[in-house]
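Chemist: My file is target.txt. It has compact mmCIF, C-alpha atoms:
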# COMPACT_ATOMS: atom_id res chain seq x y z
CA MET Z 1 -39.21 -125.15 52.20
CA ALA Z 2 -37.06 -127.46 54.29
CA GLY Z 3 -37.59 -127.67 58.03
CA LYS Z 4 -34.95 -127.58 60.75
CA ASN Z 5 -32.20 -130.20 60.35
CA GLU Z 6 -33.32 -130.76 56.74
CA PRO Z 7 -31.08 -129.55 53.91
CA ILE Z 8 -32.36 -126.58 51.93
CA ALA Z 9 -30.20 -127.53 48.95
CA HIS Z 10 -26.76 -128.96 48.22
CA ILE Z 11 -23.49 -127.59 46.88
CA VAL Z 12 -21.99 -129.72 44.12
CA PRO Z 13 -18.90 -131.31 45.74
CA GLY Z 14 -15.68 -130.15 44.13
CA SER Z 15 -17.41 -127.42 42.13
CA GLY Z 16 -16.01 -124.48 44.09
CA TRP Z 17 -13.21 -122.32 42.78
CA SER Z 18 -11.52 -119.04 43.54
CA THR Z 19 -8.88 -116.98 41.87
CA PRO Z 20 -5.97 -115.97 44.02
CA PHE Z 21 -6.79 -112.69 45.73
CA VAL Z 22 -4.47 -109.87 44.68
CA ARG Z 23 -3.93 -106.72 46.74
CA TRP Z 24 -5.49 -103.72 44.98
CA GLN Z 25 -3.57 -101.97 42.23
CA GLY Z 26 -1.80 -105.26 41.53
CA ALA Z 27 -1.96 -107.82 38.72
CA PHE Z 28 -5.78 -107.74 38.39
CA ALA Z 29 -6.16 -103.95 38.59
CA GLU Z 30 -6.97 -103.46 34.89
CA LEU Z 31 -9.27 -106.45 34.42
CA HIS Z 32 -13.00 -105.76 34.03
CA SER Z 33 -14.28 -107.71 37.04
CA LEU Z 34 -17.35 -109.23 35.37
CA GLU Z 35 -15.52 -110.23 32.20
CA PHE Z 36 -12.80 -111.66 34.42
CA ALA Z 37 -15.43 -113.68 36.31
CA ALA Z 38 -16.63 -115.08 32.98
CA TRP Z 39 -13.05 -115.91 31.95
CA THR Z 40 -12.42 -117.75 35.21
CA ALA Z 41 -15.79 -119.53 35.39
CA GLN Z 42 -15.58 -120.91 31.86
CA ARG Z 43 -12.17 -122.44 32.56
CA ALA Z 44 -12.98 -123.62 36.07
CA LEU Z 45 -16.15 -125.44 35.00
CA ALA Z 46 -14.35 -127.05 32.06
CA ARG Z 47 -11.58 -128.32 34.35
CA ARG Z 48 -14.20 -129.73 36.70
CA GLU Z 49 -16.08 -131.29 33.77
CA ILE Z 50 -19.34 -129.56 34.67
CA PRO Z 51 -21.10 -128.85 31.36
CA LEU Z 52 -22.58 -125.40 30.90
CA ASP Z 53 -25.81 -126.85 29.53
CA ALA Z 54 -26.35 -128.61 32.88
CA LEU Z 55 -26.89 -125.21 34.53
CA ASP Z 56 -30.27 -123.51 34.27
CA PHE Z 57 -30.08 -120.58 36.71
CA GLY Z 58 -27.46 -118.15 37.92
CA VAL Z 59 -26.81 -115.51 40.58
CA LEU Z 60 -24.10 -112.88 40.30
CA GLY Z 61 -22.77 -110.84 43.20
CA PHE Z 62 -20.65 -107.71 42.95
CA THR Z 63 -20.34 -104.43 44.84
CA VAL Z 64 -18.20 -102.22 42.60
CA PRO Z 65 -19.86 -101.33 39.27
CA GLN Z 66 -18.04 -101.91 36.00
CA LYS Z 67 -18.88 -100.71 32.52
CA GLY Z 68 -21.97 -102.63 31.39
CA SER Z 69 -22.76 -104.04 34.82
CA PHE Z 70 -26.38 -102.93 34.38
CA TYR Z 71 -26.74 -106.21 32.44
CA GLY Z 72 -25.34 -108.21 35.37
CA LEU Z 73 -25.66 -111.99 35.37
CA PRO Z 74 -26.81 -112.33 31.73
CA PHE Z 75 -23.75 -110.31 30.65
CA VAL Z 76 -21.44 -112.70 32.47
CA THR Z 77 -23.08 -115.97 31.45
CA GLY Z 78 -23.36 -114.83 27.84
CA THR Z 79 -19.68 -113.89 27.83
CA MET Z 80 -18.69 -117.29 29.20
CA GLY Z 81 -20.65 -119.15 26.53
CA ALA Z 82 -23.78 -119.91 28.55
CA ALA Z 83 -26.28 -117.45 27.10
CA HIS Z 84 -29.20 -119.65 28.14
CA ILE Z 85 -28.61 -118.86 31.86
CA ALA Z 86 -30.53 -115.96 33.38
CA GLY Z 87 -30.88 -114.75 36.94
CA PRO Z 88 -30.44 -111.82 39.31
CA SER Z 89 -27.48 -109.71 40.30
CA VAL Z 90 -26.96 -108.99 43.99
CA MET Z 91 -25.23 -106.16 45.81
CA GLN Z 92 -25.23 -106.53 49.61
CA ALA Z 93 -21.79 -105.24 50.52
CA CYS Z 94 -19.69 -107.96 52.16
CA ALA Z 95 -22.76 -110.16 52.72
CA THR Z 96 -23.14 -110.45 48.94
CA SER Z 97 -21.78 -114.00 48.65
CA ALA Z 98 -24.00 -115.36 51.41
CA ARG Z 99 -27.05 -113.71 49.86
CA CYS Z 100 -26.17 -115.15 46.42
CA LEU Z 101 -25.92 -118.62 47.94
CA ALA Z 102 -29.24 -118.20 49.73
CA LEU Z 103 -30.99 -117.12 46.54
CA ALA Z 104 -29.58 -120.06 44.59
CA ALA Z 105 -30.56 -122.51 47.34
CA GLU Z 106 -34.11 -121.15 47.48
CA GLU Z 107 -34.48 -121.39 43.70
CA VAL Z 108 -33.37 -125.03 43.77
CA ALA Z 109 -35.53 -125.84 46.82
CA SER Z 110 -38.60 -124.39 45.09
CA GLY Z 111 -38.04 -126.57 42.03
CA ARG Z 112 -37.59 -123.60 39.72
CA ALA Z 113 -33.95 -124.53 39.05
CA GLY Z 114 -32.13 -127.82 38.75
CA ALA Z 115 -28.55 -126.56 39.00
CA ALA Z 116 -27.64 -122.98 39.84
CA LEU Z 117 -24.38 -121.20 39.13
CA VAL Z 118 -23.23 -118.83 41.90
CA LEU Z 119 -20.63 -116.25 40.92
CA ALA Z 120 -19.15 -113.36 42.90
CA ALA Z 121 -16.61 -110.86 41.59
CA ASP Z 122 -15.16 -107.47 42.40
CA ARG Z 123 -12.32 -105.20 41.43
CA VAL Z 124 -11.70 -102.71 44.20
CA SER Z 125 -8.78 -101.31 42.22
CA ASN Z 126 -9.48 -98.29 40.01
CA GLY Z 127 -13.02 -97.92 41.30
CA PRO Z 128 -15.45 -95.74 39.36
CA HIS Z 129 -15.73 -92.01 39.91
CA ILE Z 130 -19.37 -91.06 39.53
CA TYR Z 131 -20.95 -87.71 38.74
CA TYR Z 132 -24.62 -87.19 39.62
CA PRO Z 133 -26.09 -84.34 37.52
CA SER Z 134 -28.17 -81.74 39.33
CA PRO Z 135 -29.39 -78.98 36.98
CA GLY Z 136 -31.16 -77.37 39.93
CA GLY Z 137 -28.00 -77.25 42.04
CA PRO Z 138 -25.88 -74.11 42.61
CA GLY Z 139 -24.79 -73.06 39.14
CA GLY Z 140 -26.18 -76.31 37.77
CA THR Z 141 -23.40 -78.24 39.47
CA GLY Z 142 -24.01 -81.85 40.45
CA ARG Z 143 -22.44 -84.10 43.05
CA ALA Z 144 -19.52 -86.52 42.69
CA GLU Z 145 -18.68 -89.78 44.42
CA ASP Z 146 -15.60 -91.97 44.48
CA TRP Z 147 -17.41 -95.31 44.73
CA VAL Z 148 -14.71 -97.15 46.66
CA LEU Z 149 -12.82 -94.57 48.70
CA ASP Z 150 -15.81 -92.45 49.72
CA ASN Z 151 -17.69 -95.48 50.98
CA PHE Z 152 -14.67 -96.79 52.88
CA ALA Z 153 -14.46 -93.40 54.52
CA GLY Z 154 -18.04 -92.99 55.67
CA ASP Z 155 -21.40 -94.69 56.17
CA PRO Z 156 -23.99 -92.14 54.95
CA PHE Z 157 -26.45 -93.26 57.63
CA ALA Z 158 -24.28 -93.92 60.69
CA ARG Z 159 -21.83 -91.19 59.57
CA VAL Z 160 -18.68 -93.02 60.60
CA ALA Z 161 -15.79 -94.66 58.78
CA MET Z 162 -15.65 -98.46 58.96
CA VAL Z 163 -12.60 -98.38 61.22
CA GLU Z 164 -14.62 -96.31 63.70
CA THR Z 165 -17.15 -99.14 63.99
CA ALA Z 166 -14.29 -101.42 65.04
CA GLU Z 167 -13.12 -98.90 67.62
CA ASN Z 168 -16.65 -98.56 68.98
CA VAL Z 169 -16.97 -102.31 69.41
CA ALA Z 170 -13.47 -102.65 70.91
CA ARG Z 171 -14.33 -99.96 73.44
CA LYS Z 172 -17.72 -101.48 74.30
CA HIS Z 173 -16.30 -104.97 74.84
CA GLY Z 174 -12.99 -103.95 76.38
CA VAL Z 175 -10.93 -105.43 73.54
CA THR Z 176 -7.30 -104.39 73.94
CA ARG Z 177 -4.66 -103.61 71.35
CA GLU Z 178 -2.61 -106.56 72.61
CA GLU Z 179 -5.50 -108.96 72.08
CA GLN Z 180 -5.95 -107.72 68.51
CA ASP Z 181 -2.25 -108.19 67.76
CA ASP Z 182 -2.34 -111.70 69.24
CA VAL Z 183 -5.29 -112.72 67.05
CA THR Z 184 -3.72 -111.18 63.95
CA LEU Z 185 -0.52 -113.19 64.48
CA MET Z 186 -2.59 -116.35 65.04
CA ARG Z 187 -4.46 -115.81 61.76
CA TYR Z 188 -1.20 -115.38 59.82
CA HIS Z 189 0.16 -118.60 61.31
CA GLN Z 190 -3.05 -120.38 60.25
CA TYR Z 191 -2.66 -119.02 56.73
CA ALA Z 192 0.85 -120.48 56.63
CA ASP Z 193 -0.75 -123.93 56.86
CA ALA Z 194 -2.65 -123.22 53.62
CA ILE Z 195 0.46 -122.37 51.63
CA ALA Z 196 2.59 -125.17 53.08
CA GLU Z 197 3.71 -128.00 50.81
CA ASP Z 198 3.49 -125.91 47.64
CA ARG Z 199 0.08 -124.44 48.55
CA ALA Z 200 -1.49 -127.87 48.97
CA PHE Z 201 -4.63 -126.58 50.68
CA HIS Z 202 -5.22 -123.82 48.13
CA ARG Z 203 -4.79 -126.31 45.29
CA ARG Z 204 -7.91 -128.08 46.54
CA PHE Z 205 -9.97 -125.24 45.00
CA MET Z 206 -7.59 -122.88 43.16
CA ASP Z 207 -6.27 -123.80 39.74
CA LEU Z 208 -2.60 -122.98 40.32
CA PRO Z 209 -0.51 -121.54 38.89
CA PHE Z 210 -3.33 -119.23 37.88
CA GLU Z 211 -3.42 -118.03 34.28
CA ALA Z 212 -3.94 -114.26 34.31
CA PRO Z 213 -5.43 -112.76 31.13
CA ASP Z 214 -4.61 -109.51 29.39
CA PRO Z 215 -7.14 -106.67 29.84
CA ARG Z 216 -8.86 -107.59 26.54
CA PHE Z 217 -9.18 -111.25 27.57
CA ARG Z 218 -7.58 -112.47 24.37
CA LYS Z 219 -4.55 -114.26 25.78
CA VAL Z 220 -2.78 -115.32 28.95
CA MET Z 221 -0.35 -112.65 30.06
CA GLY Z 222 1.33 -114.62 32.82
CA GLU Z 223 0.95 -116.99 35.72
CA ILE Z 224 0.29 -116.15 39.39
CA GLU Z 225 1.52 -118.64 41.95
CA GLY Z 226 -1.08 -117.69 44.59
CA ASP Z 227 -2.44 -114.81 46.64
CA ALA Z 228 -0.46 -111.63 46.01
CA GLY Z 229 0.16 -108.85 48.48
CA VAL Z 230 -0.10 -110.85 51.71
CA GLN Z 231 2.42 -109.34 54.10
CA PRO Z 232 4.58 -111.79 56.07
CA ALA Z 233 3.83 -111.83 59.78
CA ASN Z 234 6.38 -109.80 61.73
CA GLU Z 235 5.53 -109.59 65.41
CA ASP Z 236 7.85 -106.70 66.24
CA LYS Z 237 6.57 -104.62 63.34
CA LEU Z 238 2.94 -105.45 64.09
CA ARG Z 239 3.19 -104.48 67.74
CA SER Z 240 4.97 -101.22 66.89
CA LEU Z 241 2.26 -99.90 64.55
CA ARG Z 242 0.35 -96.82 65.59
CA PRO Z 243 -3.46 -96.96 65.72
CA VAL Z 244 -5.27 -95.61 62.66
CA ILE Z 245 -7.26 -93.26 64.91
CA GLU Z 246 -5.28 -91.39 67.54
CA GLY Z 247 -6.07 -92.80 70.96
CA GLY Z 248 -7.62 -95.95 69.46
CA THR Z 249 -6.58 -99.61 69.34
CA VAL Z 250 -7.07 -100.69 65.70
CA THR Z 251 -3.99 -100.58 63.48
CA TYR Z 252 -3.53 -101.26 59.80
CA GLY Z 253 -2.05 -104.60 60.85
CA GLY Z 254 -5.26 -105.58 62.62
CA GLN Z 255 -7.51 -105.00 59.62
CA THR Z 256 -7.73 -106.44 56.13
CA HIS Z 257 -6.58 -104.89 52.86
CA PRO Z 258 -8.61 -104.21 49.67
CA ALA Z 259 -8.10 -106.79 46.92
CA ASP Z 260 -9.36 -108.04 43.55
CA GLY Z 261 -10.62 -111.49 42.53
CA ASN Z 262 -13.62 -113.74 41.91
CA ALA Z 263 -15.07 -117.08 43.01
CA GLY Z 264 -17.86 -119.49 42.10
CA LEU Z 265 -19.63 -122.78 42.80
CA VAL Z 266 -22.75 -124.74 41.78
CA VAL Z 267 -25.88 -125.45 43.87
CA ALA Z 268 -28.34 -128.28 43.14
CA ASP Z 269 -30.55 -130.82 44.89
CA ARG Z 270 -28.86 -133.90 46.36
CA GLU Z 271 -29.24 -136.20 43.37
CA ARG Z 272 -28.28 -133.59 40.80
CA ALA Z 273 -25.32 -132.55 42.94
CA ARG Z 274 -24.11 -136.13 42.98
CA GLU Z 275 -24.51 -136.44 39.21
CA LEU Z 276 -22.46 -133.29 38.56
CA ALA Z 277 -19.89 -133.77 41.33
CA PRO Z 278 -16.24 -133.63 40.31
CA ASP Z 279 -15.51 -135.14 43.74
CA ALA Z 280 -17.86 -138.02 44.53
CA ARG Z 281 -16.47 -138.73 48.01
CA TYR Z 282 -18.82 -136.48 49.98
CA ASP Z 283 -22.06 -134.45 50.08
CA ILE Z 284 -22.44 -130.79 51.07
CA ALA Z 285 -25.79 -129.75 52.54
CA LEU Z 286 -26.91 -126.16 53.14
CA LEU Z 287 -28.75 -126.20 56.47
CA GLY Z 288 -29.52 -122.60 57.37
CA PHE Z 289 -29.03 -118.91 56.67
CA GLY Z 290 -29.20 -115.95 59.02
CA GLN Z 291 -29.14 -112.18 58.77
CA ALA Z 292 -28.91 -109.45 61.40
CA ARG Z 293 -28.39 -105.73 61.85
CA VAL Z 294 -27.12 -104.11 65.03
CA GLU Z 295 -27.16 -100.54 66.30
CA PRO Z 296 -25.55 -97.93 64.03
CA ALA Z 297 -21.74 -97.78 64.03
CA TYR Z 298 -21.22 -101.21 65.65
CA MET Z 299 -20.69 -103.37 62.53
CA PRO Z 300 -18.28 -105.99 64.00
CA GLU Z 301 -20.99 -107.11 66.45
CA ALA Z 302 -23.44 -108.09 63.72
CA PRO Z 303 -22.08 -111.60 62.94
CA VAL Z 304 -23.09 -112.78 66.41
CA PRO Z 305 -26.90 -112.40 66.01
CA ALA Z 306 -26.66 -113.42 62.34
CA SER Z 307 -24.94 -116.66 63.37
CA ARG Z 308 -27.52 -117.32 66.04
CA ALA Z 309 -30.27 -116.88 63.44
CA ALA Z 310 -28.56 -119.29 61.03
CA LEU Z 311 -28.01 -121.87 63.75
CA ASP Z 312 -31.64 -121.59 64.84
CA ALA Z 313 -32.80 -122.03 61.24
CA ALA Z 314 -30.69 -125.19 61.07
CA GLY Z 315 -31.93 -126.46 64.43
CA LEU Z 316 -28.40 -126.45 65.85
CA SER Z 317 -26.34 -124.74 68.53
CA ILE Z 318 -22.78 -123.45 68.44
CA GLY Z 319 -21.74 -126.64 70.24
CA ASP Z 320 -22.77 -128.63 67.16
CA ILE Z 321 -20.31 -126.73 64.96
CA ASP Z 322 -16.92 -128.23 64.11
CA ALA Z 323 -15.37 -125.31 62.22
CA VAL Z 324 -16.04 -121.58 61.87
CA LYS Z 325 -14.88 -119.35 59.06
CA SER Z 326 -15.33 -115.60 59.32
CA HIS Z 327 -15.10 -112.59 57.10
CA ASN Z 328 -13.16 -110.55 59.60
CA PRO Z 329 -12.15 -107.14 58.26
CA PHE Z 330 -10.93 -106.43 61.80
CA ALA Z 331 -9.34 -108.70 64.40
CA VAL Z 332 -11.95 -107.24 66.75
CA ASN Z 333 -14.64 -109.26 64.92
CA ASP Z 334 -13.21 -112.62 65.93
CA ILE Z 335 -12.55 -111.62 69.53
CA VAL Z 336 -16.11 -110.47 70.10
CA PHE Z 337 -17.57 -113.51 68.30
CA ALA Z 338 -15.56 -115.91 70.46
CA ARG Z 339 -16.53 -114.10 73.66
CA GLU Z 340 -20.22 -113.96 72.82
CA THR Z 341 -20.64 -117.52 71.48
CA GLY Z 342 -17.98 -119.45 73.38
CA PHE Z 343 -16.43 -120.84 70.19
CA PRO Z 344 -12.65 -120.94 70.75
CA LEU Z 345 -10.62 -118.31 68.88
CA GLU Z 346 -7.95 -120.86 67.98
CA ARG Z 347 -10.49 -123.14 66.28
CA MET Z 348 -11.74 -120.39 63.97
CA ASN Z 349 -10.29 -119.63 60.55
CA ASN Z 350 -8.00 -122.58 60.07
CA TYR Z 351 -5.99 -122.09 56.86
CA GLY Z 352 -6.53 -118.33 56.87
CA CYS Z 353 -9.23 -115.71 56.43
CA SER Z 354 -9.96 -112.36 54.82
CA LEU Z 355 -8.02 -110.54 57.55
CA VAL Z 356 -4.94 -112.06 55.87
CA TRP Z 357 -5.70 -112.75 52.22
CA GLY Z 358 -7.67 -109.62 51.54
CA HIS Z 359 -11.05 -108.21 50.81
CA PRO Z 360 -12.48 -107.94 47.28
CA GLN Z 361 -15.91 -107.49 48.94
CA GLY Z 362 -18.32 -109.46 46.74
CA PRO Z 363 -16.37 -112.75 46.49
CA THR Z 364 -14.77 -112.60 49.94
CA GLY Z 365 -17.45 -114.67 51.65
CA LEU Z 366 -17.68 -117.20 48.82
CA ARG Z 367 -13.98 -117.98 49.02
CA ALA Z 368 -14.29 -118.31 52.80
CA MET Z 369 -17.17 -120.77 52.42
CA ILE Z 370 -15.26 -122.81 49.84
CA GLU Z 371 -12.32 -122.97 52.25
CA LEU Z 372 -14.68 -124.03 55.04
CA ILE Z 373 -16.00 -126.86 52.89
CA GLU Z 374 -12.50 -128.02 52.01
CA GLU Z 375 -11.41 -127.91 55.65
CA LEU Z 376 -14.35 -130.10 56.66
CA ALA Z 377 -13.80 -132.47 53.75
CA ALA Z 378 -10.12 -132.85 54.67
CA ARG Z 379 -11.06 -133.87 58.22
CA GLY Z 380 -13.64 -136.41 57.03
CA GLY Z 381 -16.74 -134.25 57.36
CA GLY Z 382 -18.53 -132.12 59.92
CA ARG Z 383 -20.68 -129.04 60.35
CA GLY Z 384 -19.42 -125.57 59.56
CA LEU Z 385 -20.50 -121.99 60.14
CA PHE Z 386 -19.56 -119.05 57.96
CA GLN Z 387 -20.24 -115.58 59.31
CA GLY Z 388 -19.24 -112.10 58.26
CA CYS Z 389 -20.16 -108.48 58.79
CA ALA Z 390 -21.20 -106.07 56.06
CA ALA Z 391 -21.59 -102.35 55.56
CA GLY Z 392 -24.59 -100.85 57.28
CA ASP Z 393 -23.89 -102.64 60.58
CA SER Z 394 -25.29 -105.86 59.16
CA ALA Z 395 -24.13 -109.44 58.69
CA MET Z 396 -25.05 -112.79 57.21
CA ALA Z 397 -24.23 -116.34 58.28
CA VAL Z 398 -24.49 -119.77 56.66
CA VAL Z 399 -24.57 -123.24 58.25
CA LEU Z 400 -23.53 -126.20 56.14
CA GLU Z 401 -22.61 -129.83 56.60
CA VAL Z 402 -20.09 -132.03 54.80
CA THR Z 403 -20.61 -135.79 55.02
CA GLU Z 404 -18.71 -138.69 53.52
CA ARG Z 405 -20.73 -141.00 51.29
Written as structure tokens, that's how I'd like the structure from this file.

Modeler:
Amino acid sequence: MAGKNEPIAHIVPGSGWSTPFVRWQGAFAELHSLEFAAWTAQRALARREIPLDALDFGVLGFTVPQKGSFYGLPFVTGTMGAAHIAGPSVMQACATSARCLALAAEEVASGRAGAALVLAADRVSNGPHIYYPSPGGPGGTGRAEDWVLDNFAGDPFARVAMVETAENVARKHGVTREEQDDVTLMRYHQYADAIAEDRAFHRRFMDLPFEAPDPRFRKVMGEIEGDAGVQPANEDKLRSLRPVIEGGTVTYGGQTHPADGNAGLVVADRERARELAPDARYDIALLGFGQARVEPAYMPEAPVPASRAALDAAGLSIGDIDAVKSHNPFAVNDIVFARETGFPLERMNNYGCSLVWGHPQGPTGLRAMIELIEELAARGGGRGLFQGCAAGDSAMAVVLEVTER
């Protein structure tokens, strides 16, 4: 394995893509998420002129099961016309994308793979309703679970809803309602930069207008101009919202919304990445990964130790980082991260973040990392840190570097 300051593996420059993210129960609500990932990947790779036969390993991340998802990655790659690609499927809540990237990088670094496809997909809309048989239960009755809503509502270990973890952290760190509103407004203004000039920043990695398929994936049903369901920033409305929990500070305006979508990219060693690169102007090195778990019911704190672990693995400090991208389901996340690390709030999440464009869970982090890469490439290179919390009071972080050739 690589040592500190040495790349673990490389991302193929220009290989990253993401669908627009669509607020749940919207235009993607009836699309099987894994078949949709195959639909998107096949077209995205063709547009980037990356041949399927150049890929010899794959990792799939998702968090909401779909019919047939037992077959995971082989189901998706077979559907997209790459039945020679095998590999694992990963489910690590909102850290899924970072874990997928780490697995692909390790496979390449070990020499077991030459070029690895990383895919992440989820449909939070119309989540499955699961019945667990229990013949020995009262009257032979089993137990039922709404996969999405029940898990939003409560962590079975910490026994709190996710919003309660944000309130706990806000209370511990003295984060006020006003501070959360200020950060939320800042993030919406940053997102406005991404959609300026006919979505110029998003067009760096989204194929827009996006062709949305019918539920049977036989034809294009229509075109989507970009992210759907993002609410325009309205300061008066935001500041007038009531907290979700009476007596608390977190409002629906200061947290993200569920969404649907998918994303992908390709990992390889330096030489192979250069051979496959749709954009030959720069290199993208993966320098370090980190994971952490904090005390129960304090999820928004977890990105801080995860980031420190990733920076240590890369042999860097926060002062060496030029840009930070976060998966921030709550504005509280960013406030605590900035306080604990010293990285300025206003330098985080340029061009937007999941607080604004939504939260399909599995692919959320992958889109954020693709945006981080494009931000660094647009400025001529630099080092970036992605960090994001995940269910179970955990988090993952990734350090990468973009350099001009």

Chemist: Which residue gives the smallest distance to Z:His10 among Z:Tyr282, Z:Val22, Z:Ala390, Z:Pro232, with only C-alpha atoms counted?

Modeler: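 Checking each of Z:Tyr282, Z:Val22, Z:Ala390, Z:Pro232 against Z:His10, counting only C-alpha atoms, the winner is Z:Tyr282.
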
Chemist: Z:Val244, Z:Val90, Z:Val336, Z:Leu265: which is nearest Z:Pro278, counting all atoms listed in the file?

Modeler: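 Residue with the minimum atom-to-atom distance to Z:Pro278: Z:Leu265.
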
Chemist: I need the residue nearest Z:Val118 from this list: Z:Pro344, Z:Gly58, Z:Gly247, Z:Gly382. Use only C-alpha atoms for the distance.

Modeler: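 Smallest separation from Z:Val118 among the options: Z:Gly58.
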
Chemist: What is the atom CA of Z:Phe157-atom CA of Z:Pro296 distance in Å, reported with one decimal?

Modeler: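 Atom-to-atom, atom CA of Z:Phe157 to atom CA of Z:Pro296, that is 8.0 Å.
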
Chemist: What is the atom CA of Z:Asn349 to atom CA of Z:Gly362 distance in Å?

Modeler: 18.9 Å

Chemist: If you measure from atom CA of Z:Tyr191 to atom CA of Z:Asn350, what distance in Å do you get, rounded to one decimal?

Modeler: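 Taking atom CA of Z:Tyr191 as the start and atom CA of Z:Asn350 as the end point, the length is 7.2 Å.
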
Chemist: List every protein, DNA or RNA residue with an atom no more than 6 Å from (-18.4, -129.9, 57.3) in the file's coordinates, counting only C-alpha atoms, and format the result as a ChimeraX atom specification.

Modeler: /Z:373,376,381-384,401-402

Chemist: Quick one: residues within 12 Å of Z:Trp39, only C-alpha atoms, excluding same-chain residues fewer than 3 positions away - as a PyMOL selection string?

Modeler: chain Z and resi 19+31-36+42-46+76-82+119+121+210-220+261-264

Chemist: Counting only C-alpha atoms, figure out which residue out of Z:Val108, Z:Ala86, Z:Gly315, Z:Asp269 gets nearest to Z:Tyr71.

Modeler: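 Checking each of Z:Val108, Z:Ala86, Z:Gly315, Z:Asp269 against Z:Tyr71, counting only C-alpha atoms, the winner is Z:Ala86.
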
Chemist: With distances taken over only C-alpha atoms, which of Z:Val398, Z:Cys389, Z:Ala144, Z:Ile284 is nearest to Z:Ala9?

Modeler: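 Using only C-alpha atoms, the shortest distance to Z:Ala9 belongs to Z:Ile284.
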
Chemist: Would you pick out the contacts of Z:Phe201 at 10 Å or less, using all atoms listed in the file, so that residues sharing its chain but fewer than 2 positions from it are not included, and give the list as number ranges by chain?

Modeler: Z: 191, 193-199, 203-206, 351, 371, 374-375, 378

Chemist: Once you have the residues from the selection above, write them out as a PDB file, in the frame of the given file, restricted to C-alpha atoms.

Modeler:
ATOM      1  CA  TYR Z 191      -2.660-119.020  56.730  1.00  0.00           C
ATOM      2  CA  ASP Z 193      -0.750-123.930  56.860  1.00  0.00           C
ATOM      3  CA  ALA Z 194      -2.650-123.220  53.620  1.00  0.00           C
ATOM      4  CA  ILE Z 195       0.460-122.370  51.630  1.00  0.00           C
ATOM      5  CA  ALA Z 196       2.590-125.170  53.080  1.00  0.00           C
ATOM      6  CA  GLU Z 197       3.710-128.000  50.810  1.00  0.00           C
ATOM      7  CA  ASP Z 198       3.490-125.910  47.640  1.00  0.00           C
ATOM      8  CA  ARG Z 199       0.080-124.440  48.550  1.00  0.00           C
ATOM      9  CA  ARG Z 203      -4.790-126.310  45.290  1.00  0.00           C
ATOM     10  CA  ARG Z 204      -7.910-128.080  46.540  1.00  0.00           C
ATOM     11  CA  PHE Z 205      -9.970-125.240  45.000  1.00  0.00           C
ATOM     12  CA  MET Z 206      -7.590-122.880  43.160  1.00  0.00           C
ATOM     13  CA  TYR Z 351      -5.990-122.090  56.860  1.00  0.00           C
ATOM     14  CA  GLU Z 371     -12.320-122.970  52.250  1.00  0.00           C
ATOM     15  CA  GLU Z 374     -12.500-128.020  52.010  1.00  0.00           C
ATOM     16  CA  GLU Z 375     -11.410-127.910  55.650  1.00  0.00           C
ATOM     17  CA  ALA Z 378     -10.120-132.850  54.670  1.00  0.00           C
TER      18      ALA Z 378
END

Chemist: Please define a box with edges along x, y and z of the file around all atoms of stretch 286-301 of chain Z given in the file, extend it by 5 Å on each side, and return its centre and edge lengths in Å to one decimal, as AutoDock Vina command-line options.

Modeler:
--center_x -23.9 --center_y -112.0 --center_z 59.8 --size_x 21.2 --size_y 38.4 --size_z 23.3

Chemist: Find, counting all atoms listed in the file, the residue in Z:Pro363, Z:Ala259, Z:Arg99, Z:Phe337 that gets nearest to Z:Trp17.

Modeler: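 That would be Z:Pro363, the residue with the smallest distance to Z:Trp17.
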
Chemist: Excluding Z:Val64 and its own-chain neighbours fewer than 2 positions away, which residues fall within 12 Å of it when counting all atoms listed in the file? Please give them as an NGL selection string.

Modeler: :Z and (32-34 or 61-62 or 66-70 or 72 or 90-94 or 96 or 120-130 or 146-149 or 151 or 259-261 or 360-363)
